[in-house]
Amino acid sequence: MASSSTNPVLSARALGRATLARQLLLEPAAISAKDAVSHLVGLQAQNTKPPYYALAARLVGFRPEHLSDLMESREVARIVTMRSTIHTHTDDDILTLRPLVQAARDRELTMFRKGLDGVDLDRLAVLSRELVEEAPRTPKEIREALLVHWPDADPQSLSVAARCLLPLVQVTPRGLWRRSGQVRLTTAENWLGRPAEPTPAPDATVLRYLSAFGPASVKDMQTWCGLTRLRDAFERLRPQLLTFQDEHGVELFDLPDAPRPDAETPAPPRFLPEYDNLLLSHADRTRFVSAEARNRTWKGNQAFSVFLLDGLVAGLWRLEETKERTTMTVQPFGRTTKAHRAALTEEAERLAGSGVMGAGGVPFGVAFGVVDA
């Protein structure tokens, strides 16, 4: 939406610095892992290790057990929320955010209606709840149980329906550090031992989104959460917000007391996991990644792990672990200076010191390569 010309203009660089500050990426924060997960409104978690990498990049003194212990004590858990993707959320957020985004899950379910022809969705929800609350079940076990009742339905559509209709969390040991485990599901209420909250108005979540991702437009937040029609919530909140515009005239909202560092504030190198929140939570992502760079950070539906230089995506990284050595290979998109390589190596070694890069006691090294054009 075009902004009034009276709103101050924020450059892409200024927007990037502001959001990096909110994301705890300008300077690692001395807060707990749970407080960080809450502040960031969850961590993208399609795979099991990225939440650990994400927190190691953002926190002072983070160790993998800080998050793993929270999962074992059920203070955080893995659940499908924003954009129909798995996130690691605090227990409180699971019971409020999942009801908030339920409308998007209902919309997703309509995509599978052909495979659900003749299926009573209310009954499916009841049967699925009974099944997973009796004991956590794998998606395969859920499909097979539901096929007994609807043998002509598409099996994949049945398990998707259960996931959309119910707030299903992945139970441990899935997601624990250096532990393996199949995806097994039960309801959030059963796992956390308390009921979900009534569906909230989006206003409080708008403020939290701006705190973690702002300044941002209405479309930015809708991209982040997968919901539509959030303009009314922003309008209700307008009297308590500041408004800006980007270089294209798009109206941006922000909290009055949120950090907006100078555009020339130094932004140290940061290594981010695949699908990091920073890179998926705005409609316009040019504050962090150019169109050319963005095309090099994905292959099909797979995102690569990236690193930032001066606040922008500047290349990829990958980890190779053996019993003898752990090597992080850093692949810049362009030429890097000796100072850049030294700073990247220093940041990589900081992460290795946190315990998220390789097994304890195994030598760690950094190698620089190039990305194929």
# chains A, B, ... in the order shown; residues from 1 in each chain; ligands from 1

call {"tool": "residues_around", "arguments": {"residues": "Lys140 in chain A", "least_positions_apart": "6", "cutoff": "9 Å", "atoms": "only C-alpha atoms", "output": "NGL selection string"}}
result
:A and (155-156 or 159)

call {"tool": "write_last_selection", "arguments": {"atoms": "C-alpha atoms", "output": "CSV table (one decimal), in the first residue's frame"}}
result
chain,number,residue,atom,x,y,z
A,155,PRO,CA,-4.1,-41.5,2.5
A,156,GLN,CA,-1.9,-38.4,2.4
A,159,SER,CA,-3.0,-37.2,7.6

call {"tool": "select_by_dssp", "arguments": {"residues": "range 248-317 of chain A", "states": "helix (DSSP H, G or I)", "output": "number ranges by chain"}}
result
A: 277-279, 291-294

call {"tool": "residues_around", "arguments": {"residues": "Ile142 in chain A", "least_positions_apart": "4", "cutoff": "9 Å", "atoms": "only C-alpha atoms", "output": "PDB file with C-alpha atoms, in the first residue's frame"}}
result
ATOM      1  CA  SER A 128      -7.575 -38.368  15.323  1.00  0.00           C
ATOM      2  CA  LEU A 131      -5.832 -41.794  18.542  1.00  0.00           C
ATOM      3  CA  VAL A 132      -2.912 -39.460  19.287  1.00  0.00           C
ATOM      4  CA  ARG A 137       1.519 -41.690  16.656  1.00  0.00           C
ATOM      5  CA  THR A 138       3.567 -41.394  13.481  1.00  0.00           C
ATOM      6  CA  LEU A 146      -8.095 -43.286   9.391  1.00  0.00           C
ATOM      7  CA  LEU A 147      -8.123 -45.397   6.235  1.00  0.00           C
ATOM      8  CA  LEU A 158      -6.190 -37.884   5.643  1.00  0.00           C
ATOM      9  CA  SER A 159      -2.998 -37.204   7.603  1.00  0.00           C
ATOM     10  CA  ALA A 162      -5.520 -34.353  10.989  1.00  0.00           C
TER      11      ALA A 162
END

call {"tool": "residues_around", "arguments": {"residues": "range 14-25 of chain A", "least_positions_apart": "3", "cutoff": "7 Å", "atoms": "only C-alpha atoms", "output": "PyMOL selection string"}}
result
chain A and resi 10-11+28-29+40+58+211-215+259-263+287-288+311

call {"tool": "atom_distance", "arguments": {"atom1": "CA of Gln44 in chain A", "atom2": "CA of Leu241 in chain A"}}
result
27.1 Å

call {"tool": "select_by_dssp", "arguments": {"residues": "range 167-308 of chain A", "states": "strand (DSSP E or B)", "output": "list in words"}}
result
Leu168, Val169, Gln170, Leu185, Thr186, Thr187, Ala216, Leu242, Thr243, Phe244, Gln245, Val250, Glu251, Leu252, Phe253, Asp254, Arg270, Phe271, Leu272, Trp298, Lys299, Gln302, Ala303, Val306, Phe307 and Leu308 of chain A

call {"tool": "write_last_selection", "arguments": {"atoms": "N, CA and C atoms", "output": "PDB file, in the first residue's frame"}}
result
ATOM      1  N   LEU A 168      -1.112 -30.416  16.457  1.00  0.00           N
ATOM      2  CA  LEU A 168      -0.296 -31.595  16.727  1.00  0.00           C
ATOM      3  C   LEU A 168       1.165 -31.205  16.932  1.00  0.00           C
ATOM      4  N   VAL A 169       1.728 -31.570  18.059  1.00  0.00           N
ATOM      5  CA  VAL A 169       3.136 -31.302  18.339  1.00  0.00           C
ATOM      6  C   VAL A 169       3.947 -32.574  18.104  1.00  0.00           C
ATOM      7  N   GLN A 170       5.207 -32.379  17.740  1.00  0.00           N
ATOM      8  CA  GLN A 170       6.143 -33.492  17.614  1.00  0.00           C
ATOM      9  C   GLN A 170       6.755 -33.761  18.988  1.00  0.00           C
ATOM     10  N   LEU A 185       3.324 -37.749  16.953  1.00  0.00           N
ATOM     11  CA  LEU A 185       2.468 -36.594  17.190  1.00  0.00           C
ATOM     12  C   LEU A 185       1.439 -36.863  18.277  1.00  0.00           C
ATOM     13  N   THR A 186       1.196 -35.806  19.051  1.00  0.00           N
ATOM     14  CA  THR A 186       0.051 -35.784  19.945  1.00  0.00           C
ATOM     15  C   THR A 186      -0.467 -34.357  19.973  1.00  0.00           C
ATOM     16  N   THR A 187      -1.580 -34.127  20.631  1.00  0.00           N
ATOM     17  CA  THR A 187      -2.114 -32.774  20.663  1.00  0.00           C
ATOM     18  C   THR A 187      -1.309 -31.903  21.617  1.00  0.00           C
ATOM     19  N   ALA A 216       7.802  -2.805   9.385  1.00  0.00           N
ATOM     20  CA  ALA A 216       7.231  -3.740   8.417  1.00  0.00           C
ATOM     21  C   ALA A 216       5.874  -3.247   7.927  1.00  0.00           C
ATOM     22  N   LEU A 242       4.436   4.208  15.057  1.00  0.00           N
ATOM     23  CA  LEU A 242       5.042   5.156  14.128  1.00  0.00           C
ATOM     24  C   LEU A 242       4.880   4.619  12.715  1.00  0.00           C
ATOM     25  N   THR A 243       4.836   5.523  11.743  1.00  0.00           N
ATOM     26  CA  THR A 243       4.750   5.097  10.346  1.00  0.00           C
ATOM     27  C   THR A 243       5.912   5.695   9.559  1.00  0.00           C
ATOM     28  N   PHE A 244       6.417   4.864   8.645  1.00  0.00           N
ATOM     29  CA  PHE A 244       7.497   5.248   7.758  1.00  0.00           C
ATOM     30  C   PHE A 244       7.106   4.808   6.355  1.00  0.00           C
ATOM     31  N   GLN A 245       8.001   4.999   5.415  1.00  0.00           N
ATOM     32  CA  GLN A 245       7.831   4.398   4.096  1.00  0.00           C
ATOM     33  C   GLN A 245       9.187   3.920   3.613  1.00  0.00           C
ATOM     34  N   VAL A 250       6.122   2.209   0.058  1.00  0.00           N
ATOM     35  CA  VAL A 250       5.258   1.300   0.816  1.00  0.00           C
ATOM     36  C   VAL A 250       5.223   1.731   2.278  1.00  0.00           C
ATOM     37  N   GLU A 251       4.030   1.793   2.851  1.00  0.00           N
ATOM     38  CA  GLU A 251       3.885   2.215   4.240  1.00  0.00           C
ATOM     39  C   GLU A 251       4.377   1.131   5.189  1.00  0.00           C
ATOM     40  N   LEU A 252       5.178   1.549   6.162  1.00  0.00           N
ATOM     41  CA  LEU A 252       5.741   0.661   7.166  1.00  0.00           C
ATOM     42  C   LEU A 252       5.312   1.119   8.545  1.00  0.00           C
ATOM     43  N   PHE A 253       5.064   0.160   9.426  1.00  0.00           N
ATOM     44  CA  PHE A 253       4.661   0.446  10.800  1.00  0.00           C
ATOM     45  C   PHE A 253       5.778   0.022  11.740  1.00  0.00           C
ATOM     46  N   ASP A 254       5.842   0.692  12.903  1.00  0.00           N
ATOM     47  CA  ASP A 254       6.853   0.290  13.876  1.00  0.00           C
ATOM     48  C   ASP A 254       6.458   0.740  15.270  1.00  0.00           C
ATOM     49  N   ARG A 270      27.393 -13.130  10.252  1.00  0.00           N
ATOM     50  CA  ARG A 270      26.527 -14.068  10.971  1.00  0.00           C
ATOM     51  C   ARG A 270      26.240 -15.258  10.070  1.00  0.00           C
ATOM     52  N   PHE A 271      26.296 -16.452  10.663  1.00  0.00           N
ATOM     53  CA  PHE A 271      25.959 -17.684   9.948  1.00  0.00           C
ATOM     54  C   PHE A 271      24.548 -18.099  10.339  1.00  0.00           C
ATOM     55  N   LEU A 272      23.677 -18.243   9.350  1.00  0.00           N
ATOM     56  CA  LEU A 272      22.279 -18.569   9.592  1.00  0.00           C
ATOM     57  C   LEU A 272      21.941 -19.930   8.988  1.00  0.00           C
ATOM     58  N   TRP A 298      18.529 -21.007  -2.937  1.00  0.00           N
ATOM     59  CA  TRP A 298      17.524 -22.070  -2.989  1.00  0.00           C
ATOM     60  C   TRP A 298      17.817 -22.994  -4.159  1.00  0.00           C
ATOM     61  N   LYS A 299      17.420 -24.238  -4.029  1.00  0.00           N
ATOM     62  CA  LYS A 299      17.398 -25.182  -5.142  1.00  0.00           C
ATOM     63  C   LYS A 299      16.106 -25.956  -5.023  1.00  0.00           C
ATOM     64  N   GLN A 302      14.396 -26.514  -1.535  1.00  0.00           N
ATOM     65  CA  GLN A 302      15.401 -26.622  -0.487  1.00  0.00           C
ATOM     66  C   GLN A 302      16.157 -25.307  -0.342  1.00  0.00           C
ATOM     67  N   ALA A 303      16.162 -24.760   0.861  1.00  0.00           N
ATOM     68  CA  ALA A 303      16.960 -23.573   1.148  1.00  0.00           C
ATOM     69  C   ALA A 303      18.326 -24.000   1.670  1.00  0.00           C
ATOM     70  N   VAL A 306      23.045 -19.815   4.913  1.00  0.00           N
ATOM     71  CA  VAL A 306      23.679 -18.622   4.345  1.00  0.00           C
ATOM     72  C   VAL A 306      24.472 -17.883   5.415  1.00  0.00           C
ATOM     73  N   PHE A 307      25.329 -16.982   4.951  1.00  0.00           N
ATOM     74  CA  PHE A 307      25.975 -16.079   5.901  1.00  0.00           C
ATOM     75  C   PHE A 307      25.770 -14.635   5.456  1.00  0.00           C
ATOM     76  N   LEU A 308      25.822 -13.750   6.429  1.00  0.00           N
ATOM     77  CA  LEU A 308      25.671 -12.321   6.192  1.00  0.00           C
ATOM     78  C   LEU A 308      27.023 -11.633   6.306  1.00  0.00           C
TER      79      LEU A 308
END

call {"tool": "residues_around", "arguments": {"residues": "range 88-95 of chain A", "least_positions_apart": "3", "cutoff": "8 Å", "atoms": "only C-alpha atoms", "output": "number ranges by chain"}}
result
A: 34, 37-38, 41-45, 51, 74-79, 98-99, 188-189, 192, 195-197
